[in-house]
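Everything below belongs to data-v5.txt, which stores compact mmCIF, C-alpha atoms.
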# COMPACT_ATOMS: atom_id res chain seq x y z
CA MET A 1 52.33 -4.55 23.26
CA ALA A 2 54.98 -5.34 20.67
CA LEU A 3 57.63 -5.59 23.36
CA ARG A 4 55.55 -8.09 25.30
CA GLU A 5 55.03 -10.06 22.11
CA LEU A 6 58.76 -10.22 21.50
CA SER A 7 59.43 -11.28 25.04
CA SER A 8 56.75 -13.98 24.73
CA LEU A 9 58.39 -15.10 21.51
CA GLU A 10 61.79 -15.25 23.22
CA LYS A 11 60.35 -17.47 25.93
CA TYR A 12 58.69 -19.68 23.33
CA LEU A 13 61.99 -20.02 21.49
CA GLY A 14 63.81 -20.77 24.72
CA LEU A 15 66.12 -17.76 24.43
CA LYS A 16 67.22 -16.66 27.86
CA LYS A 17 68.71 -13.21 27.60
CA PRO A 18 66.55 -10.72 29.41
CA ASN A 19 66.61 -6.92 28.96
CA LYS A 20 67.56 -7.10 25.35
CA TYR A 21 65.13 -4.41 24.32
CA SER A 22 65.37 -0.72 24.96
CA THR A 23 62.19 1.27 25.39
CA GLN A 24 62.57 2.27 21.75
CA GLY A 25 61.81 -1.32 20.80
CA ASP A 26 65.33 -1.75 19.45
CA LYS A 27 66.96 -5.12 19.52
CA LYS A 28 70.55 -4.81 20.62
CA ASN A 29 72.34 -6.75 17.96
CA ASN A 30 75.74 -8.09 18.88
CA ASN A 31 77.19 -7.71 15.42
CA GLY A 32 75.87 -4.37 14.32
CA PRO A 33 73.47 -1.51 14.86
CA PRO A 34 70.25 -2.20 16.76
CA LEU A 35 67.40 -3.67 14.75
CA VAL A 36 64.05 -1.90 14.54
CA GLY A 37 60.65 -3.32 13.60
CA LEU A 38 58.52 -6.12 14.98
CA VAL A 39 58.89 -8.48 12.00
CA THR A 40 62.61 -7.78 11.59
CA ILE A 41 63.33 -8.48 15.26
CA ALA A 42 61.04 -11.53 15.38
CA CYS A 43 62.79 -13.07 12.35
CA HIS A 44 66.15 -12.32 13.95
CA LEU A 45 65.12 -14.09 17.16
CA VAL A 46 63.98 -17.15 15.21
CA LYS A 47 67.38 -17.33 13.48
CA GLU A 48 69.18 -16.81 16.78
CA ALA A 49 67.24 -19.74 18.26
CA LYS A 50 68.21 -21.83 15.22
CA ARG A 51 64.60 -22.57 14.35
CA PRO A 52 64.61 -21.69 10.61
CA GLU A 53 61.61 -23.95 10.00
CA LEU A 54 59.47 -21.34 11.79
CA LEU A 55 60.11 -19.04 8.80
CA GLY A 56 58.90 -21.72 6.36
CA ASP A 57 60.44 -24.95 5.09
CA THR A 58 60.36 -24.20 1.34
CA ALA A 59 60.90 -21.05 -0.72
CA GLU A 60 57.16 -20.83 -1.34
CA ASN A 61 56.26 -21.30 2.31
CA ARG A 62 58.89 -18.73 3.32
CA ALA A 63 57.21 -16.29 0.94
CA VAL A 64 53.76 -17.04 2.39
CA VAL A 65 55.12 -16.60 5.95
CA GLN A 66 56.58 -13.21 4.99
CA GLN A 67 53.29 -12.29 3.34
CA TRP A 68 51.36 -12.84 6.58
CA LEU A 69 54.00 -11.12 8.70
CA GLU A 70 53.66 -8.09 6.43
CA PHE A 71 49.87 -8.40 6.68
CA ARG A 72 50.19 -8.27 10.46
CA VAL A 73 52.15 -4.98 10.59
CA THR A 74 50.45 -3.22 7.67
CA LYS A 75 46.82 -4.39 7.87
CA LEU A 76 46.15 -5.58 11.42
CA ASP A 77 48.08 -2.88 13.30
CA GLY A 78 46.20 0.38 13.33
CA CYS A 79 43.15 -0.99 11.49
CA THR A 80 39.85 0.87 11.77
CA LYS A 81 36.53 -0.53 12.99
CA GLU A 82 35.36 -0.94 9.40
CA ASP A 83 38.56 -2.75 8.43
CA ILE A 84 38.06 -5.39 11.13
CA LYS A 85 35.07 -6.98 9.40
CA THR A 86 36.85 -7.21 6.06
CA ILE A 87 40.00 -8.59 7.68
CA LEU A 88 38.12 -11.30 9.58
CA LYS A 89 35.95 -12.15 6.58
CA ASP A 90 38.97 -12.56 4.28
CA LEU A 91 40.93 -14.55 6.83
CA ASN A 92 37.92 -16.77 7.36
CA VAL A 93 37.79 -17.63 3.67
CA TYR A 94 41.55 -18.15 3.56
CA LEU A 95 41.51 -20.52 6.54
CA GLN A 96 38.62 -22.59 5.18
CA ASP A 97 40.88 -25.46 4.10
CA LYS A 98 43.92 -24.72 6.28
CA VAL A 99 45.22 -25.63 9.71
CA TYR A 100 48.03 -23.04 9.68
CA LEU A 101 48.57 -19.80 7.76
CA ALA A 102 51.53 -21.10 5.76
CA GLY A 103 52.05 -24.71 4.74
CA ASN A 104 51.14 -27.60 7.00
CA LYS A 105 53.18 -26.54 10.00
CA PHE A 106 53.12 -23.90 12.69
CA THR A 107 55.24 -20.85 11.73
CA LEU A 108 56.10 -17.39 13.02
CA ALA A 109 53.20 -16.11 10.89
CA ASP A 110 50.67 -17.98 13.07
CA SER A 111 52.25 -16.56 16.18
CA LEU A 112 52.38 -12.88 15.13
CA VAL A 113 48.99 -12.88 13.41
CA TYR A 114 47.54 -14.55 16.52
CA PHE A 115 48.97 -11.76 18.72
CA GLY A 116 47.64 -9.15 16.29
CA ILE A 117 44.16 -10.61 16.00
CA HIS A 118 43.65 -11.20 19.74
CA PRO A 119 42.58 -7.59 20.47
CA LEU A 120 40.16 -7.70 17.53
CA LEU A 121 38.43 -10.84 18.76
CA VAL A 122 38.20 -9.66 22.38
CA ASP A 123 35.73 -6.98 21.32
CA LEU A 124 33.50 -9.20 19.21
CA ALA A 125 30.15 -10.40 20.49
CA VAL A 126 29.46 -14.13 20.45
CA GLN A 127 27.06 -13.78 17.51
CA GLU A 128 29.68 -11.92 15.52
CA LYS A 129 32.30 -14.54 16.26
CA GLU A 130 29.95 -17.13 14.84
CA GLN A 131 30.43 -15.62 11.42
CA TYR A 132 34.13 -16.38 11.49
CA LEU A 133 34.22 -20.04 12.45
CA ASN A 134 37.40 -20.85 10.53
CA VAL A 135 39.22 -17.96 12.21
CA ALA A 136 37.90 -19.14 15.59
CA ARG A 137 39.05 -22.70 14.94
CA TRP A 138 42.54 -21.55 13.88
CA PHE A 139 42.74 -19.09 16.78
CA ASP A 140 41.76 -21.67 19.37
CA HIS A 141 44.25 -24.14 17.95
CA ILE A 142 47.10 -21.58 18.14
CA GLN A 143 46.22 -20.31 21.61
CA HIS A 144 46.32 -23.87 22.94
CA ARG A 145 49.73 -24.58 21.47
CA PRO A 146 52.13 -24.91 24.39
CA GLY A 147 54.13 -21.77 24.97
CA VAL A 148 52.48 -19.52 22.37
CA ARG A 149 49.85 -17.59 24.31
CA HIS A 150 52.00 -16.29 27.17
CA HIS A 151 51.07 -12.68 27.98
CA LEU A 152 47.54 -12.86 26.57
CA PRO A 153 44.46 -14.18 28.37
CA PRO A 154 42.79 -17.18 26.70
CA LEU A 155 39.65 -16.33 24.74
CA VAL A 156 36.58 -18.46 24.68
CA VAL A 157 35.76 -19.09 21.06
CA LEU A 158 33.06 -21.23 19.57
CA ARG A 159 34.57 -23.89 17.41
CA ASN A 160 31.19 -25.13 16.27
CA ARG A 161 27.89 -23.45 15.84
CA ILE A 162 25.78 -24.68 18.74
CA TYR A 163 22.56 -22.93 17.84
CA THR A 164 21.37 -22.74 14.28
CA GLY A 165 19.21 -19.66 14.81
CA ARG A 166 20.53 -16.12 15.22
CA HIS A 167 18.46 -15.44 18.35
CA HIS A 168 18.72 -17.48 21.47
CA MET B 169 53.92 -18.75 -11.86
CA LYS B 170 52.07 -15.63 -12.96
CA LEU B 171 52.32 -12.01 -11.92
CA PHE B 172 49.24 -9.77 -12.08
CA VAL B 173 49.77 -6.01 -12.27
CA SER B 174 47.83 -2.90 -13.24
CA GLU B 175 48.83 0.35 -14.89
CA GLY B 176 49.16 3.41 -12.68
CA ASN B 177 49.50 1.33 -9.49
CA PRO B 178 52.75 2.39 -7.77
CA HIS B 179 53.14 -0.96 -5.98
CA CYS B 180 53.34 -2.69 -9.35
CA LEU B 181 56.43 -0.62 -10.12
CA LYS B 182 58.27 -2.47 -7.34
CA VAL B 183 57.46 -5.97 -8.54
CA LEU B 184 58.19 -5.27 -12.22
CA ALA B 185 61.57 -3.73 -11.34
CA ALA B 186 62.34 -6.61 -8.95
CA LEU B 187 61.33 -9.18 -11.58
CA ASP B 188 63.68 -7.63 -14.13
CA VAL B 189 66.60 -7.24 -11.70
CA SER B 190 66.20 -10.82 -10.43
CA GLY B 191 66.05 -12.26 -13.95
CA VAL B 192 63.37 -14.76 -12.86
CA GLN B 193 61.14 -16.06 -15.65
CA CYS B 194 57.50 -15.32 -14.98
CA SER B 195 54.55 -14.36 -17.16
CA VAL B 196 53.09 -10.93 -16.49
CA GLN B 197 49.46 -10.01 -17.04
CA PHE B 198 48.14 -6.45 -16.93
CA VAL B 199 44.62 -6.32 -15.51
CA ASN B 200 42.13 -3.66 -14.47
CA HIS B 201 42.49 -2.01 -11.01
CA GLU B 202 39.15 -3.53 -10.02
CA GLU B 203 39.98 -7.09 -11.03
CA LYS B 204 39.70 -9.51 -8.12
CA VAL B 205 42.68 -11.74 -8.72
CA VAL B 206 43.17 -13.19 -5.22
CA PRO B 207 40.11 -15.36 -4.53
CA PHE B 208 40.00 -14.99 -0.74
CA LEU B 209 40.32 -11.19 -0.59
CA SER B 210 37.12 -9.17 -0.81
CA ARG B 211 38.88 -6.06 -2.07
CA PRO B 212 41.03 -5.99 -5.22
CA ALA B 213 44.71 -6.40 -4.32
CA LEU B 214 47.41 -5.80 -6.91
CA PRO B 215 50.12 -6.73 -7.58
CA ALA B 216 49.48 -10.43 -6.94
CA LEU B 217 51.69 -13.41 -7.65
CA LEU B 218 50.24 -16.85 -8.33
CA LEU B 219 52.76 -19.35 -6.96
CA PRO B 220 53.36 -22.77 -8.56
CA SER B 221 51.46 -24.38 -5.64
CA GLY B 222 48.35 -22.37 -6.49
CA GLN B 223 48.75 -20.03 -3.51
CA PHE B 224 48.74 -16.25 -3.92
CA LEU B 225 51.07 -13.59 -2.59
CA PHE B 226 49.11 -10.35 -2.36
CA SER B 227 51.55 -7.67 -1.29
CA SER B 228 54.39 -6.15 -3.22
CA ASN B 229 57.24 -6.56 -0.72
CA ALA B 230 56.50 -10.25 -0.16
CA ILE B 231 56.47 -10.76 -3.94
CA CYS B 232 59.76 -8.88 -4.44
CA ARG B 233 61.42 -10.83 -1.65
CA TYR B 234 60.31 -14.14 -3.18
CA LEU B 235 61.60 -13.19 -6.64
CA PHE B 236 64.99 -12.32 -5.17
CA GLU B 237 65.11 -15.52 -3.14
CA LEU B 238 64.37 -17.58 -6.27
CA ASN B 239 67.45 -16.00 -7.76
CA GLY B 240 69.54 -16.95 -4.73
CA HIS B 241 69.52 -13.58 -2.97
CA GLU B 242 68.15 -14.08 0.51
CA SER B 243 67.54 -10.67 2.03
CA SER B 244 69.79 -9.61 4.90
CA GLU B 245 68.51 -8.38 8.26
CA SER B 246 69.36 -4.84 7.31
CA CYS B 247 67.41 -5.28 4.08
CA ASN B 248 64.46 -6.79 6.02
CA GLN B 249 64.47 -3.80 8.29
CA TRP B 250 64.25 -1.34 5.40
CA LEU B 251 61.44 -3.34 3.81
CA GLU B 252 59.49 -3.20 7.08
CA TRP B 253 60.16 0.54 7.42
CA GLU B 254 58.98 1.04 3.85
CA ALA B 255 55.73 -0.86 4.48
CA THR B 256 54.87 0.56 7.90
CA VAL B 257 56.28 4.12 7.89
CA LEU B 258 56.97 5.29 4.34
CA GLN B 259 53.87 3.84 2.63
CA PRO B 260 51.29 5.53 4.90
CA ALA B 261 53.09 8.86 4.31
CA LEU B 262 53.26 8.25 0.54
CA LEU B 263 49.57 7.40 0.44
CA ARG B 264 48.81 10.77 2.06
CA ALA B 265 51.22 12.51 -0.33
CA PHE B 266 49.62 10.90 -3.41
CA HIS B 267 46.23 11.78 -2.03
CA VAL B 268 46.97 15.50 -1.63
CA ALA B 269 48.94 15.75 -4.89
CA VAL B 270 46.87 13.62 -7.27
CA LEU B 271 43.32 13.98 -5.94
CA GLN B 272 43.36 17.35 -4.20
CA GLY B 273 45.85 19.06 -6.49
CA LYS B 274 47.80 20.46 -3.52
CA ARG B 275 51.28 19.67 -4.81
CA SER B 276 52.85 22.19 -2.47
CA GLU B 277 51.94 20.06 0.56
CA VAL B 278 53.86 16.97 -0.55
CA THR B 279 57.19 18.13 0.90
CA GLN B 280 55.66 18.59 4.34
CA VAL B 281 53.84 15.25 4.28
CA LEU B 282 57.01 13.34 3.41
CA LYS B 283 59.38 15.35 5.55
CA GLY B 284 59.70 12.91 8.49
CA PRO B 285 60.42 9.73 6.52
CA LEU B 286 62.69 11.53 4.01
CA ASN B 287 64.73 13.14 6.80
CA PHE B 288 65.18 9.77 8.45
CA PHE B 289 66.16 8.07 5.18
CA ASP B 290 68.54 10.89 4.25
CA GLN B 291 70.32 10.73 7.60
CA SER B 292 70.73 6.95 7.36
CA LEU B 293 72.17 7.20 3.85
CA SER B 294 74.62 9.97 4.72
CA LYS B 295 75.71 8.18 7.91
CA GLY B 296 76.34 4.92 6.02
CA ASN B 297 78.11 6.76 3.18
CA LEU B 298 77.71 3.77 0.86
CA PRO B 299 76.51 3.72 -2.75
CA TYR B 300 73.49 1.58 -1.91
CA ILE B 301 71.26 1.28 1.15
CA THR B 302 72.77 -1.86 2.63
CA GLY B 303 76.28 -1.72 1.19
CA GLU B 304 78.44 -1.63 -1.92
CA GLU B 305 75.95 -3.61 -3.98
CA LEU B 306 72.38 -3.13 -5.07
CA SER B 307 69.94 -5.03 -2.83
CA LEU B 308 66.22 -5.61 -2.69
CA ALA B 309 65.93 -2.63 -0.33
CA ASP B 310 67.19 -0.31 -3.10
CA VAL B 311 64.71 -1.64 -5.64
CA VAL B 312 61.74 -1.43 -3.25
CA LEU B 313 62.55 2.05 -1.92
CA TRP B 314 63.40 3.41 -5.36
CA ALA B 315 60.07 2.18 -6.71
CA ALA B 316 58.16 3.53 -3.72
CA LEU B 317 59.72 6.98 -4.07
CA HIS B 318 59.80 7.11 -7.87
CA PRO B 319 56.41 8.82 -8.37
CA VAL B 320 57.37 11.71 -6.07
CA LEU B 321 61.11 12.03 -6.67
CA SER B 322 61.08 11.72 -10.46
CA GLU B 323 58.90 14.83 -10.78
CA ALA B 324 61.09 17.89 -10.62
CA THR B 325 60.08 20.46 -7.96
CA LEU B 326 57.45 18.24 -6.29
CA VAL B 327 59.62 17.60 -3.22
CA SER B 328 62.14 20.20 -2.03
CA ASP B 329 65.68 19.09 -2.88
CA GLU B 330 67.12 19.38 0.62
CA HIS B 331 67.72 15.61 0.91
CA LYS B 332 71.03 15.44 -0.94
CA SER B 333 71.94 11.86 -0.03
CA VAL B 334 68.50 10.59 -1.02
CA ARG B 335 68.78 12.39 -4.39
CA THR B 336 72.23 10.97 -5.16
CA TRP B 337 71.13 7.46 -4.23
CA PHE B 338 67.83 7.80 -6.13
CA ASP B 339 69.57 8.87 -9.35
CA ARG B 340 72.04 5.99 -9.05
CA VAL B 341 69.25 3.38 -8.79
CA ALA B 342 67.03 5.14 -11.36
CA ALA B 343 69.80 4.76 -13.95
CA LEU B 344 69.30 0.97 -13.97
CA HIS B 345 67.61 -0.27 -17.11
CA SER B 346 65.28 -2.53 -15.07
CA CYS B 347 63.98 0.47 -13.14
CA GLN B 348 63.48 2.65 -16.19
CA SER B 349 61.58 -0.03 -18.05
CA ALA B 350 59.35 -0.79 -15.04
CA ALA B 351 58.54 2.91 -14.63
CA GLN B 352 57.66 3.18 -18.30
CA LYS B 353 55.35 0.14 -18.13
CA VAL B 354 53.45 1.32 -15.04
CA LEU B 355 53.41 5.12 -15.36
CA GLN B 356 54.00 5.45 -19.14
CA GLY B 357 55.90 8.68 -18.77
CA LYS B 358 52.84 10.42 -17.34
CA GLY B 359 54.23 10.68 -13.79
CA LEU B 360 51.80 11.17 -10.93
CA GLN B 361 48.86 11.79 -13.28
CA ALA B 362 49.08 8.15 -14.39
CA MET B 363 48.03 7.21 -10.84
CA LYS B 364 44.78 9.14 -10.84
CA SER B 365 42.34 6.32 -11.51
CA PHE B 366 44.24 4.08 -9.06
CA MET B 367 44.11 6.72 -6.32
CA GLN B 368 40.39 7.32 -6.85
CA ARG B 369 39.78 3.71 -5.85
CA GLN B 370 41.84 3.88 -2.65
CA PRO B 371 40.25 4.57 0.72
CA ALA B 372 41.10 8.05 2.00
CA PRO B 373 44.18 7.97 4.25
CA GLN B 374 43.70 8.43 7.98
CA SER B 375 45.20 11.90 8.17
CA SER B 376 45.16 12.18 11.94
CA GLN B 377 47.27 9.10 12.49
CA CYS B 378 50.89 9.88 11.86
CA ARG B 379 52.97 6.74 11.98
CA ASP B 380 56.46 8.17 11.81
CA SER B 381 57.75 6.12 14.71
CA PRO B 382 59.15 2.63 14.25
CA PRO B 383 56.44 -0.04 14.14
CA CYS B 384 57.36 -1.38 17.57
CA ASN B 385 56.14 1.78 19.23
CA SER B 386 52.98 2.22 17.27
CA ASN B 387 50.76 -0.24 19.08
Could you spell out this file's structure in structure tokens?
Amino acid sequence: MALRELSSLEKYLGLKKPNKYSTQGDKKNNNGPPLVGLVTIACHLVKEAKRPELLGDTAENRAVVQQWLEFRVTKLDGCTKEDIKTILKDLNVYLQDKVYLAGNKFTLADSLVYFGIHPLLVDLAVQEKEQYLNVARWFDHIQHRPGVRHHLPPLVVLRNRIYTGRHH
Amino acid sequence: MKLFVSEGNPHCLKVLAALDVSGVQCSVQFVNHEEKVVPFLSRPALPALLLPSGQFLFSSNAICRYLFELNGHESSESCNQWLEWEATVLQPALLRAFHVAVLQGKRSEVTQVLKGPLNFFDQSLSKGNLPYITGEELSLADVVLWAALHPVLSEATLVSDEHKSVRTWFDRVAALHSCQSAAQKVLQGKGLQAMKSFMQRQPAPQSSQCRDSPPCNSN
């Protein structure tokens, strides 16, 4: 999963060097020992592609990007069934007045949190998804960004509540 | 900018040490473990940093990294890698170790619980043969890993002393005034026992899931 994410990210960034990853998930680094860790490698790729704005354009936004990248690998990965509700509920509140996770632009945080949240949303019933409209709106926006989705199938999400009642 | 911390919370040790090392000016407020500081999170999350823009950072490594960047120290890739290892591999093991030692009173099991991560860390340190984790100078990785390991390594006999390189490195970082003062503020010289009320409010660790492998392999 993580390897496919990194390869999707490489394609998005326009880096064309295949077979850079060993099965251990290591990134063969030209100038030193191999790098380990999804966030570490993803940040390295962004720098390699000379797209520093994807890590945030101000010190504060860089911090917020790192915050969500850490959230991805510590909270989303390996979360339990009970965690999922809390995670989606919190994200839904956070995204209430936001288009992207950090600042007013698309960043690496949107991409890696999108990859991490995709498996959580796949399993949700339509009625459940209705509770997280802000997450659905953000998710749909990110999945329709050219070049982001790659290895994942598109999900049908409701961007607006069509029915007001719970039962239909 | 305002930093919210609570006593007996090991993650707050990191940010207080990082704040002191970085020399950044920031007001610090001690609050209760249960205080909901970050408005969008349904569970209490400390430490938390209120940024000038009104946004919150709600995890310790992101806060530490920001404090260092404000002081002109952007973290290197090697440093980033250790921070990610700390958050994804060491922390789940530490949570289990604190759980058995503080709540179940089984101090003898701590060595076994931490064996994998400590072996890995020890080998990396002895291979590098440098005074600090990423080189000749103290970096954010040293502050974060020192703070993470402080509750277990500062108590004599809690962890077997087979990890010689870790011990040498730990004592070197622990000698810094910033680290000593942060430890005093958070644990007040009471060691692991100071963490009891914090640990009682944590969800029980998932004991079956051992995440010793690098994060790339775990999903």
Would you give me, as a ChimeraX atom specification, the residues of chain A that come within 9 Å of chain B, using only C-alpha atoms?
-> /A:1-3,23-26,35-41,43-44,59-60,62-68,70-71,73-74,77-78,86-87,89-94
What's the 9 Å shell around segment 308-324 of chain B, counting all atoms listed in the file, without same-chain residues fewer than 2 positions away, as number ranges by chain?
-> B: 178-183, 185-186, 189, 228-229, 232-233, 236, 241, 243, 246-251, 254, 258-259, 262, 265-266, 278, 300-302, 306, 326-328, 335, 337-338, 341-342, 347, 350-351, 355, 359-360, 363
Based on the selection just made, write C-alpha atoms of those residues as a short mmCIF file (atom, residue, chain, number, x, y, z; two decimals), in the frame of the given file.
data_model
loop_
_atom_site.label_atom_id
_atom_site.label_comp_id
_atom_site.auth_asym_id
_atom_site.auth_seq_id
_atom_site.Cartn_x
_atom_site.Cartn_y
_atom_site.Cartn_z
CA PRO B 178 52.75 2.39 -7.77
CA HIS B 179 53.14 -0.96 -5.98
CA CYS B 180 53.34 -2.69 -9.35
CA LEU B 181 56.43 -0.62 -10.12
CA LYS B 182 58.27 -2.47 -7.34
CA VAL B 183 57.46 -5.97 -8.54
CA ALA B 185 61.57 -3.73 -11.34
CA ALA B 186 62.34 -6.61 -8.95
CA VAL B 189 66.60 -7.24 -11.70
CA SER B 228 54.39 -6.15 -3.22
CA ASN B 229 57.24 -6.56 -0.72
CA CYS B 232 59.76 -8.88 -4.44
CA ARG B 233 61.42 -10.83 -1.65
CA PHE B 236 64.99 -12.32 -5.17
CA HIS B 241 69.52 -13.58 -2.97
CA SER B 243 67.54 -10.67 2.03
CA SER B 246 69.36 -4.84 7.31
CA CYS B 247 67.41 -5.28 4.08
CA ASN B 248 64.46 -6.79 6.02
CA GLN B 249 64.47 -3.80 8.29
CA TRP B 250 64.25 -1.34 5.40
CA LEU B 251 61.44 -3.34 3.81
CA GLU B 254 58.98 1.04 3.85
CA LEU B 258 56.97 5.29 4.34
CA GLN B 259 53.87 3.84 2.63
CA LEU B 262 53.26 8.25 0.54
CA ALA B 265 51.22 12.51 -0.33
CA PHE B 266 49.62 10.90 -3.41
CA VAL B 278 53.86 16.97 -0.55
CA TYR B 300 73.49 1.58 -1.91
CA ILE B 301 71.26 1.28 1.15
CA THR B 302 72.77 -1.86 2.63
CA LEU B 306 72.38 -3.13 -5.07
CA LEU B 326 57.45 18.24 -6.29
CA VAL B 327 59.62 17.60 -3.22
CA SER B 328 62.14 20.20 -2.03
CA ARG B 335 68.78 12.39 -4.39
CA TRP B 337 71.13 7.46 -4.23
CA PHE B 338 67.83 7.80 -6.13
CA VAL B 341 69.25 3.38 -8.79
CA ALA B 342 67.03 5.14 -11.36
CA CYS B 347 63.98 0.47 -13.14
CA ALA B 350 59.35 -0.79 -15.04
CA ALA B 351 58.54 2.91 -14.63
CA LEU B 355 53.41 5.12 -15.36
CA GLY B 359 54.23 10.68 -13.79
CA LEU B 360 51.80 11.17 -10.93
CA MET B 363 48.03 7.21 -10.84
#
Straight-line distance linking atom CA of Leu15 of chain A with atom CA of Ala49 of chain A, stated in Å to one decimal = 6.6 Å
When distances are computed from all atoms listed in the file, which of A:Leu120, A:Leu6, A:Asn61, A:Ala102 shows the smallest separation from Glu82 of chain A?
-> A:Leu120
Minimum-distance residue to Leu45 of chain A, chosen among A:Asn134, A:Thr58, A:Ser7, A:Asn104 (using only C-alpha atoms) =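 Of all the options, A:Ser7 lies closest to Leu45 of chain A.
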Excluding Lys129 of chain A and residues on its chain fewer than 3 positions from it, collect all residues at most 12 Å away from it, counting all atoms listed in the file, and give them as a PDB file with C-alpha atoms, keeping the file's coordinate frame.
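The new file part-v5.pdb reads:
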ATOM      1  CA  ILE A  84      38.060  -5.390  11.130  1.00  0.00           C
ATOM      2  CA  LYS A  85      35.070  -6.980   9.400  1.00  0.00           C
ATOM      3  CA  LEU A  88      38.120 -11.300   9.580  1.00  0.00           C
ATOM      4  CA  LYS A  89      35.950 -12.150   6.580  1.00  0.00           C
ATOM      5  CA  ASN A  92      37.920 -16.770   7.360  1.00  0.00           C
ATOM      6  CA  LEU A 120      40.160  -7.700  17.530  1.00  0.00           C
ATOM      7  CA  LEU A 121      38.430 -10.840  18.760  1.00  0.00           C
ATOM      8  CA  VAL A 122      38.200  -9.660  22.380  1.00  0.00           C
ATOM      9  CA  ASP A 123      35.730  -6.980  21.320  1.00  0.00           C
ATOM     10  CA  LEU A 124      33.500  -9.200  19.210  1.00  0.00           C
ATOM     11  CA  ALA A 125      30.150 -10.400  20.490  1.00  0.00           C
ATOM     12  CA  VAL A 126      29.460 -14.130  20.450  1.00  0.00           C
ATOM     13  CA  TYR A 132      34.130 -16.380  11.490  1.00  0.00           C
ATOM     14  CA  LEU A 133      34.220 -20.040  12.450  1.00  0.00           C
ATOM     15  CA  ASN A 134      37.400 -20.850  10.530  1.00  0.00           C
ATOM     16  CA  VAL A 135      39.220 -17.960  12.210  1.00  0.00           C
ATOM     17  CA  ALA A 136      37.900 -19.140  15.590  1.00  0.00           C
ATOM     18  CA  ARG A 137      39.050 -22.700  14.940  1.00  0.00           C
ATOM     19  CA  PHE A 139      42.740 -19.090  16.780  1.00  0.00           C
ATOM     20  CA  LEU A 155      39.650 -16.330  24.740  1.00  0.00           C
ATOM     21  CA  VAL A 156      36.580 -18.460  24.680  1.00  0.00           C
ATOM     22  CA  VAL A 157      35.760 -19.090  21.060  1.00  0.00           C
ATOM     23  CA  LEU A 158      33.060 -21.230  19.570  1.00  0.00           C
ATOM     24  CA  ARG A 159      34.570 -23.890  17.410  1.00  0.00           C
ATOM     25  CA  ASN A 160      31.190 -25.130  16.270  1.00  0.00           C
ATOM     26  CA  ARG A 161      27.890 -23.450  15.840  1.00  0.00           C
ATOM     27  CA  ARG A 166      20.530 -16.120  15.220  1.00  0.00           C
TER      28      ARG A 166
END
Which polymer residues have any atom within 8 Å of an atom of segment 144-150 of chain A, counting all atoms listed in the file, with same-chain residues fewer than 2 positions away left out, as JSON, numbers by chain?
-> {"A": [8, 9, 11, 12, 111, 140, 141, 142, 152, 153, 154]}
Atomic distance atom CA of Lys358 of chain B - atom CA of His267 of chain B, expressed in Å with one decimal | 16.7 Å
